[in-house]
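Working notes, structure below.
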Amino acid sequence: IHGTIIKLQSHNIMNWRNRMAITDKLVSKEEFHSYCEGKSICIIGNSNRTLDEKNRGTGEFVDSHDIVMRMNHVYSNEERAPFIGTKTDVWMMAVNPKLCDELSPRFPDRKYIFTPSWRGFTRRFSIPKKFAHQTYCSGPDFFQEHVNRLIKVWKKDFNGEGRELFTTSSGCKTITYFLEEVPYGSLTIMGVDFFKRPDIGKKRIGNWPKERGRPDVEKYFLKKLFKKARNFKRIK
């Protein structure tokens with residue numbers, strides 16, 4: 001799939017669906033979208049820039065939203081609360097069974113887990129069954145369409161130069177999904193800097209953007225979506 005438009009093989013999609021069928025019932029699209037419909041939503045990204053001193057006091061604004069979604073490791077504690085609030089309604093987890101088990105206790109008040117990966121039920125990337133009843137997975141069709149759109153952007157607007165684009169970050173997929181698919185009332189995002197800074201709780205930027213990702217293409221793509229988005233705000 002490197003540098004080409006991907007097309008998920010039918011047996012892979014069937015495998016995904018079969019794994020869903022033998023797993024505890026997942027949250028349906030209708031249920032998750034109904035929960036979000038008309039609500040004010042705040043998405044807290046991974047970047048540690050959210051803990052910059054200029055953002056002290058933003059926590060109250062975060063918690064004023066109807067729904068707060070936190071990505072991956074962005075749990076709240078006493079030290080972080082003035083910057084990122086305390087409320088967690090949705091936890092976005094880039095599917096990893098070890099991290100699900102490790103981090104789950106950090107988000108005890110969550111109502112849902114959101115994962116933007118079609119790989120939600122493959123052998124390597126799986127959601128533990130005990131979390132399935134809380135989990136909404138955006139599925140293979142969205143995954144395929146999203147990555148193909150980014151590949152087209154890379155080929156057209158970046159002339160296919162640099163590292164080949166063959167996948168996108170879970171953050172990029174999540175933000176795109178909420179902007180284009182979720183019937184929100186208003187949407188605020190913070191802590192999204194396209195891997196310029198390490199994640200919260202990390203001392204260095206991980207290997208993914210250096211070895212596999214194209215943060216520059218994601219930034220270009222998402223900024224276009226930001227301009228078109230309704231009732232949208234980004235806190236840098």
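If you're wondering about the labels, chains in the structure tokens are A, B, ... by order shown, residues count from 1 in each chain, ligands from 1 in order shown.
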Show which residues sit within 8 Å of region 222-230 of chain A, as a CSV table (one decimal) with N, CA and C atoms, in the first residue's frame. Count only C-alpha atoms, and ignore same-chain residues fewer than 6 positions away.
```csv
chain,number,residue,atom,x,y,z
A,172,CYS,N,-5.2,12.4,13.9
A,172,CYS,CA,-5.7,13.0,12.7
A,172,CYS,C,-7.0,12.4,12.3
A,176,THR,N,-10.6,14.4,12.2
A,176,THR,CA,-11.4,14.4,10.9
A,176,THR,C,-12.8,13.8,11.1
A,179,LEU,N,-15.0,16.3,13.0
A,179,LEU,CA,-15.4,17.4,12.2
A,179,LEU,C,-16.4,17.1,11.1
A,186,SER,N,-20.9,22.3,19.0
A,186,SER,CA,-19.7,23.1,18.9
A,186,SER,C,-18.6,22.2,19.2
```
* To do: Please provide as a PyMOL selection string all residues within 10 Å of Phe158 (chain A), with the sequence filter that same-chain residues fewer than 5 positions apart are discarded (counting only C-alpha atoms).
  => chain A and resi 151-153+216-217+220
Save out the residues we just selected, N, CA, C and O atoms, as a CSV table (one decimal), in the first residue's frame.
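Once everything was written out, this is again-v9.csv:
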```csv
chain,number,residue,atom,x,y,z
A,151,ILE,N,-3.4,10.5,1.1
A,151,ILE,CA,-2.5,10.1,0.0
A,151,ILE,C,-2.7,11.0,-1.2
A,151,ILE,O,-1.7,11.4,-1.8
A,152,LYS,N,-3.9,11.3,-1.5
A,152,LYS,CA,-4.2,12.2,-2.7
A,152,LYS,C,-3.6,13.6,-2.4
A,152,LYS,O,-3.0,14.2,-3.3
A,153,VAL,N,-3.7,14.1,-1.2
A,153,VAL,CA,-3.2,15.4,-0.8
A,153,VAL,C,-1.6,15.3,-1.0
A,153,VAL,O,-1.0,16.2,-1.5
A,216,ASP,N,3.5,16.9,8.5
A,216,ASP,CA,3.3,18.1,7.6
A,216,ASP,C,2.1,17.9,6.7
A,216,ASP,O,1.3,18.9,6.5
A,217,VAL,N,1.9,16.7,6.2
A,217,VAL,CA,0.7,16.5,5.4
A,217,VAL,C,-0.6,16.6,6.2
A,217,VAL,O,-1.6,17.2,5.8
A,220,TYR,N,-1.4,20.2,7.0
A,220,TYR,CA,-1.9,20.9,5.8
A,220,TYR,C,-3.4,20.5,5.6
A,220,TYR,O,-4.3,21.3,5.3
```
* **In region 8-235 of chain A, DSSP strand (DSSP E) residues written as JSON, numbers by chain** => {"A": [40, 41, 42, 43, 44, 67, 68, 69, 70, 71, 90, 91, 92, 112, 113, 114, 115, 135, 136, 137, 186, 187, 188, 189, 190, 232, 233, 234, 235]}
* **Shortest interatomic distance to Asp141 (chain A) - which of A:Ser117, A:Asn46, A:Thr86, A:Ser170, counting only C-alpha atoms** => A:Ser117
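Every protein, DNA or RNA residue with an atom at most 10 Å from Leu51 (chain A), where only C-alpha atoms count and chain neighbours fewer than 5 positions away do not, is listed here: Arg56, Thr58, Glu79, Arg80, Ala81, Pro82, Phe83, Ile84, Gly191 and Ile200 of chain A.
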Mind dumping the selected residues with C-alpha atoms as an mmCIF file, in the first residue's frame?
```cif
data_model
loop_
_atom_site.group_PDB
_atom_site.id
_atom_site.type_symbol
_atom_site.label_atom_id
_atom_site.label_comp_id
_atom_site.auth_asym_id
_atom_site.auth_seq_id
_atom_site.Cartn_x
_atom_site.Cartn_y
_atom_site.Cartn_z
ATOM 1 C CA ARG A 56 -3.306 27.757 33.383
ATOM 2 C CA THR A 58 -8.160 26.710 30.917
ATOM 3 C CA GLU A 79 -1.243 18.961 38.807
ATOM 4 C CA ARG A 80 -2.852 18.936 35.345
ATOM 5 C CA ALA A 81 -6.392 19.922 36.299
ATOM 6 C CA PRO A 82 -5.903 23.732 36.115
ATOM 7 C CA PHE A 83 -4.749 23.304 32.504
ATOM 8 C CA ILE A 84 -6.869 20.451 31.105
ATOM 9 C CA GLY A 191 -3.170 19.988 22.601
ATOM 10 C CA ILE A 200 2.043 14.766 27.971
#
```
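Here CA of Ser169 (chain A) and CA of Lys156 (chain A) stand 20.0 Å from one another.
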